[in-house]
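Pasting data06.tsv here (TSV, C-alpha atoms):
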chain	number	residue	atom	x	y	z
A	31	MET	CA	47.08	81.41	101.81
A	32	ALA	CA	50.03	81.32	99.47
A	33	THR	CA	53.36	82.70	100.53
A	34	THR	CA	55.91	84.13	98.21
A	35	ALA	CA	59.50	83.46	98.90
A	36	LYS	CA	61.68	86.49	98.62
A	37	LYS	CA	64.73	85.67	96.53
A	38	THR	CA	67.90	87.04	98.03
A	39	THR	CA	71.12	87.18	96.17
A	40	LYS	CA	74.30	87.17	98.11
A	41	LYS	CA	76.54	90.08	97.15
A	42	PRO	CA	80.19	89.38	96.40
A	43	ALA	CA	82.56	90.01	99.29
A	44	ALA	CA	83.98	93.11	97.59
A	45	LYS	CA	80.56	94.74	97.40
A	46	ARG	CA	79.67	93.72	100.97
A	47	ALA	CA	82.86	95.36	102.14
A	48	GLY	CA	81.84	98.56	100.35
A	49	ARG	CA	84.66	98.62	97.84
A	50	ASP	CA	84.63	98.72	94.09
A	51	LYS	CA	87.00	96.15	92.60
A	52	LYS	CA	87.71	98.53	89.70
A	53	LEU	CA	89.40	101.15	91.88
A	54	ASN	CA	93.16	101.38	91.44
A	55	VAL	CA	95.55	101.61	94.37
A	56	TYR	CA	95.68	105.43	94.26
A	57	GLU	CA	91.88	105.68	94.34
A	58	ARG	CA	91.81	103.25	97.27
A	59	ILE	CA	94.40	105.33	99.12
A	60	LEU	CA	92.23	108.39	98.49
A	61	CYS	CA	89.22	106.54	99.94
A	62	VAL	CA	91.22	105.79	103.10
A	63	MET	CA	92.36	109.43	103.24
A	64	ASN	CA	88.71	110.50	103.11
A	65	ALA	CA	87.83	108.13	105.94
A	66	VAL	CA	90.75	108.89	108.29
A	67	HIS	CA	91.88	112.45	108.93
A	68	TYR	CA	93.36	112.77	112.40
A	69	VAL	CA	95.04	110.48	114.89
A	70	GLN	CA	94.83	111.55	118.52
A	71	LYS	CA	98.04	111.63	120.55
A	72	ASP	CA	97.76	108.85	123.10
A	73	GLY	CA	101.19	108.56	124.68
A	74	GLN	CA	103.13	110.59	127.21
A	75	ALA	CA	106.94	110.59	127.27
A	76	GLY	CA	108.41	109.45	130.57
A	77	GLY	CA	111.78	109.93	132.17
A	78	GLY	CA	111.47	113.67	132.72
A	79	LEU	CA	110.61	114.45	129.09
A	80	GLN	CA	107.56	116.65	128.68
A	81	TYR	CA	105.76	115.81	125.46
A	82	SER	CA	102.94	113.66	124.16
A	83	TYR	CA	103.05	111.55	121.02
A	84	THR	CA	100.96	109.43	118.71
A	85	SER	CA	101.71	105.74	119.19
A	86	HIS	CA	102.20	103.09	116.54
A	87	ASP	CA	99.07	101.28	117.78
A	88	ALA	CA	96.93	104.43	117.56
A	89	VAL	CA	97.95	104.92	113.92
A	90	VAL	CA	97.30	101.28	113.02
A	91	LYS	CA	93.94	101.37	114.80
A	92	ALA	CA	92.95	104.56	112.97
A	93	VAL	CA	93.72	103.25	109.49
A	94	ARG	CA	93.24	99.46	109.62
A	95	ARG	CA	89.47	99.27	109.22
A	96	SER	CA	89.49	101.60	106.20
A	97	MET	CA	92.36	99.71	104.58
A	98	VAL	CA	90.39	96.47	104.91
A	99	GLU	CA	87.19	98.12	103.69
A	100	PHE	CA	88.84	99.55	100.59
A	101	GLY	CA	90.95	96.47	99.86
A	102	ILE	CA	94.52	97.55	100.38
A	103	VAL	CA	97.29	96.04	102.47
A	104	MET	CA	100.73	97.31	103.41
A	105	ILE	CA	103.61	94.86	103.57
A	106	PRO	CA	107.34	95.44	104.11
A	107	GLN	CA	109.52	94.99	101.06
A	108	SER	CA	112.99	95.71	102.36
A	109	ASN	CA	114.72	96.92	105.47
A	110	GLU	CA	118.23	98.21	105.91
A	111	VAL	CA	119.25	98.03	109.56
A	112	LYS	CA	122.19	99.85	111.16
A	113	GLN	CA	123.18	99.32	114.78
A	114	ASP	CA	125.26	101.86	116.70
A	115	GLY	CA	125.52	100.85	120.34
A	116	ASN	CA	122.00	100.93	121.76
A	117	ARG	CA	120.59	102.88	118.77
A	118	THR	CA	119.01	101.06	115.83
A	119	GLU	CA	118.25	102.79	112.53
A	120	VAL	CA	115.94	101.21	109.96
A	121	ILE	CA	115.45	102.41	106.40
A	122	ALA	CA	112.33	100.63	105.20
A	123	THR	CA	110.25	100.29	102.07
A	124	TYR	CA	106.59	99.37	102.48
A	125	ARG	CA	104.35	98.35	99.61
A	126	ILE	CA	100.67	99.36	99.56
A	127	VAL	CA	98.93	96.74	97.41
A	128	ASN	CA	95.50	96.62	95.76
A	129	VAL	CA	94.23	93.21	96.99
A	130	ASP	CA	92.03	92.78	93.92
A	131	ASP	CA	95.01	93.33	91.58
A	132	PRO	CA	98.34	92.63	93.32
A	133	SER	CA	100.25	94.03	90.33
A	134	ASP	CA	98.76	97.46	91.27
A	135	PHE	CA	100.86	98.88	94.12
A	136	VAL	CA	102.82	101.86	95.37
A	137	ASP	CA	106.00	101.82	97.48
A	138	VAL	CA	106.48	104.11	100.47
A	139	GLN	CA	109.91	104.80	102.00
A	140	SER	CA	110.34	105.48	105.68
A	141	VAL	CA	112.99	105.72	108.38
A	142	GLY	CA	112.76	104.67	112.00
A	143	TYR	CA	114.99	104.88	115.05
A	144	GLY	CA	114.87	102.82	118.20
A	145	VAL	CA	116.97	103.26	121.32
A	146	ASP	CA	117.03	100.46	123.85
A	147	ARG	CA	119.66	99.05	126.21
A	148	GLN	CA	118.37	95.52	125.72
A	149	ASP	CA	116.99	93.78	122.62
A	150	LYS	CA	114.00	96.01	121.74
A	151	GLY	CA	115.80	98.60	119.58
A	152	PRO	CA	115.12	96.90	116.22
A	153	GLY	CA	111.42	96.40	117.03
A	154	LYS	CA	111.07	100.02	118.10
A	155	ALA	CA	112.79	101.20	114.92
A	156	LEU	CA	110.54	99.03	112.71
A	157	SER	CA	107.38	100.23	114.51
A	158	TYR	CA	108.47	103.85	114.12
A	159	ALA	CA	109.17	103.38	110.40
A	160	LYS	CA	105.80	101.70	109.81
A	161	LYS	CA	103.94	104.36	111.80
A	162	TYR	CA	105.45	107.16	109.73
A	163	ALA	CA	104.94	105.29	106.46
A	164	LEU	CA	101.22	105.05	107.28
A	165	LEU	CA	101.00	108.67	108.41
A	166	GLN	CA	102.68	109.90	105.25
A	167	ALA	CA	100.92	107.58	102.80
A	168	PHE	CA	97.47	108.58	104.05
A	169	LEU	CA	98.37	112.19	105.02
A	170	MET	CA	97.01	111.77	108.54
A	171	GLU	CA	97.30	114.62	111.00
A	172	THR	CA	98.62	114.04	114.52
A	173	GLY	CA	98.96	117.57	115.84
A	174	ASP	CA	102.77	117.36	115.57
A	175	ASP	CA	104.50	120.09	113.60
A	176	PRO	CA	108.27	119.55	113.41
A	177	GLU	CA	108.68	122.91	111.70
A	178	ARG	CA	107.44	124.61	114.88
A	179	ASP	CA	110.08	122.93	117.04
A	180	ASN	CA	112.50	125.52	118.34
A	181	ILE	CA	115.79	123.82	117.46
A	182	ASN	CA	119.00	125.64	116.64
A	183	HIS	CA	120.12	123.67	113.60
A	184	SER	CA	123.21	125.82	112.99
A	185	ALA	CA	124.89	124.22	116.02
A	186	TYR	CA	124.97	120.91	114.10
A	187	PHE	CA	126.86	122.41	111.18
A	188	GLU	CA	129.64	124.29	112.98
Go through the file and emit its structure as structure tokens.
Amino acid sequence: MATTAKKTTKKPAAKRAGRDKKLNVYERILCVMNAVHYVQKDGQAGGGLQYSYTSHDAVVKAVRRSMVEFGIVMIPQSNEVKQDGNRTEVIATYRIVNVDDPSDFVDVQSVGYGVDRQDKGPGKALSYAKKYALLQAFLMETGDDPERDNINHSAYFE
């Protein structure tokens, strides 16, 4: 009895990962947007504050797999840091890069604030900036609506 060997061809890594190497960075961002829509709030503010929030880790977890699948990475390009007592402000630029063509990228600007009495303010500010850069770049919903906040802005301008 003769046996026939089935010839298998190994697909390139890009095809195994489900991505088309010909997609540009904007098309890859769109693919991630199609894959990730909403990030569940997973944190609860302490210290007498009554609100929930979406953590940095929840945002990264929501988007990471799709970014890998569609061949894009996000790396910091520049950070401007200002320290005022225990408050750190970071103005950051993150670059979303097409891994198959590193000359194909888009920059995303973000701002983050971190308040800490010890040495964690800069890290908090950087995490906040990265979280919001990801949320904005991929238009992910979190259930937060700053426009619904009932804040009297006129008090700040008097």
*Could you state the separation of atom CA of A:Asp137 and atom CA of A:Thr123 in Å, given to one decimal place?*
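We find that atom CA of A:Asp137 and atom CA of A:Thr123 lie 6.4 Å from each other.
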*Best match for closeness to A:Glu171 among A:Gly101, A:His86, A:Pro152, A:Tyr68, counting only C-alpha atoms*: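 Smallest separation from A:Glu171 among the options: A:Tyr68.
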Contacts of A:Tyr124 within 7 Å, only C-alpha atoms, excl. fewer than 4 positions in-chain, as a short mmCIF file (atom, residue, chain, number, x, y, z; two decimals) with C-alpha atoms, in the frame of the given file:
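Once everything was written out, this is part12.cif:
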data_model
loop_
_atom_site.label_atom_id
_atom_site.label_comp_id
_atom_site.auth_asym_id
_atom_site.auth_seq_id
_atom_site.Cartn_x
_atom_site.Cartn_y
_atom_site.Cartn_z
CA MET A 104 100.73 97.31 103.41
CA ILE A 105 103.61 94.86 103.57
CA PRO A 106 107.34 95.44 104.11
CA GLN A 107 109.52 94.99 101.06
CA ASP A 137 106.00 101.82 97.48
CA VAL A 138 106.48 104.11 100.47
CA GLN A 139 109.91 104.80 102.00
#
*Closest to A:Tyr158 among A:Asn54, A:Ser82, A:Ser108, A:Ser140, using only C-alpha atoms?*
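Among A:Asn54, A:Ser82, A:Ser108, A:Ser140, it is A:Ser140 that comes nearest to A:Tyr158.
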*From A:Asn64, A:Arg125, A:Arg117, A:Val136, residue lying nearest A:Gly153 [only C-alpha atoms]*: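 Residue with the minimum atom-to-atom distance to A:Gly153: A:Arg117.
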*Figure out the distance between atom CA of A:Tyr56 and atom CA of A:Asp134, please, to one decimal in Å.*
9.1 Å
*Hey, can you check how far atom CA of A:Glu57 sits from atom CA of A:Gly173?*
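These atoms are spaced 25.6 Å apart.
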*Nearby residues (all atoms listed in the file) at most 12 Å from A:Met170, same-chain spacing under 3 positions excluded, as a VMD selection string*: chain A and resid 59 to 60 62 to 70 84 88 to 90 92 to 93 161 to 167 173 to 174
Would you pick out the contacts of A:Pro132 at 10 Å or less, using all atoms listed in the file, so that residues sharing its chain but fewer than 6 positions from it are not included, and give the list as a CSV table (one decimal) with C-alpha atoms, in the frame of the given file?
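Okay, part_22.csv is ready:
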chain,number,residue,atom,x,y,z
A,55,VAL,CA,95.6,101.6,94.4
A,102,ILE,CA,94.5,97.6,100.4
A,103,VAL,CA,97.3,96.0,102.5
A,126,ILE,CA,100.7,99.4,99.6
_Point (115.7, 101.8, 108.8) neighbourhood (9 Å, all atoms listed in the file) written as a VMD selection string_ = chain A and resid 109 to 112 118 to 123 140 to 143 152 155 to 156 159
_Shortest interatomic distance to A:Phe168 - which of A:Arg58, A:Lys71, A:Asp130, A:Ser85, counting all atoms listed in the file_ =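 Selected residue with least distance to A:Phe168: A:Arg58.
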*Residue nearest A:Phe135 - candidates A:Glu99, A:Asp87, A:Leu53, A:Lys154, atoms counted: all atoms listed in the file*: A:Leu53
_I'd like to know which of A:Gln148, A:Met97, A:Val127, A:Ser133 is closest to A:Gly115, using all atoms listed in the file._
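Once distances to A:Gly115 are computed over all atoms listed in the file, the minimum belongs to A:Gln148.
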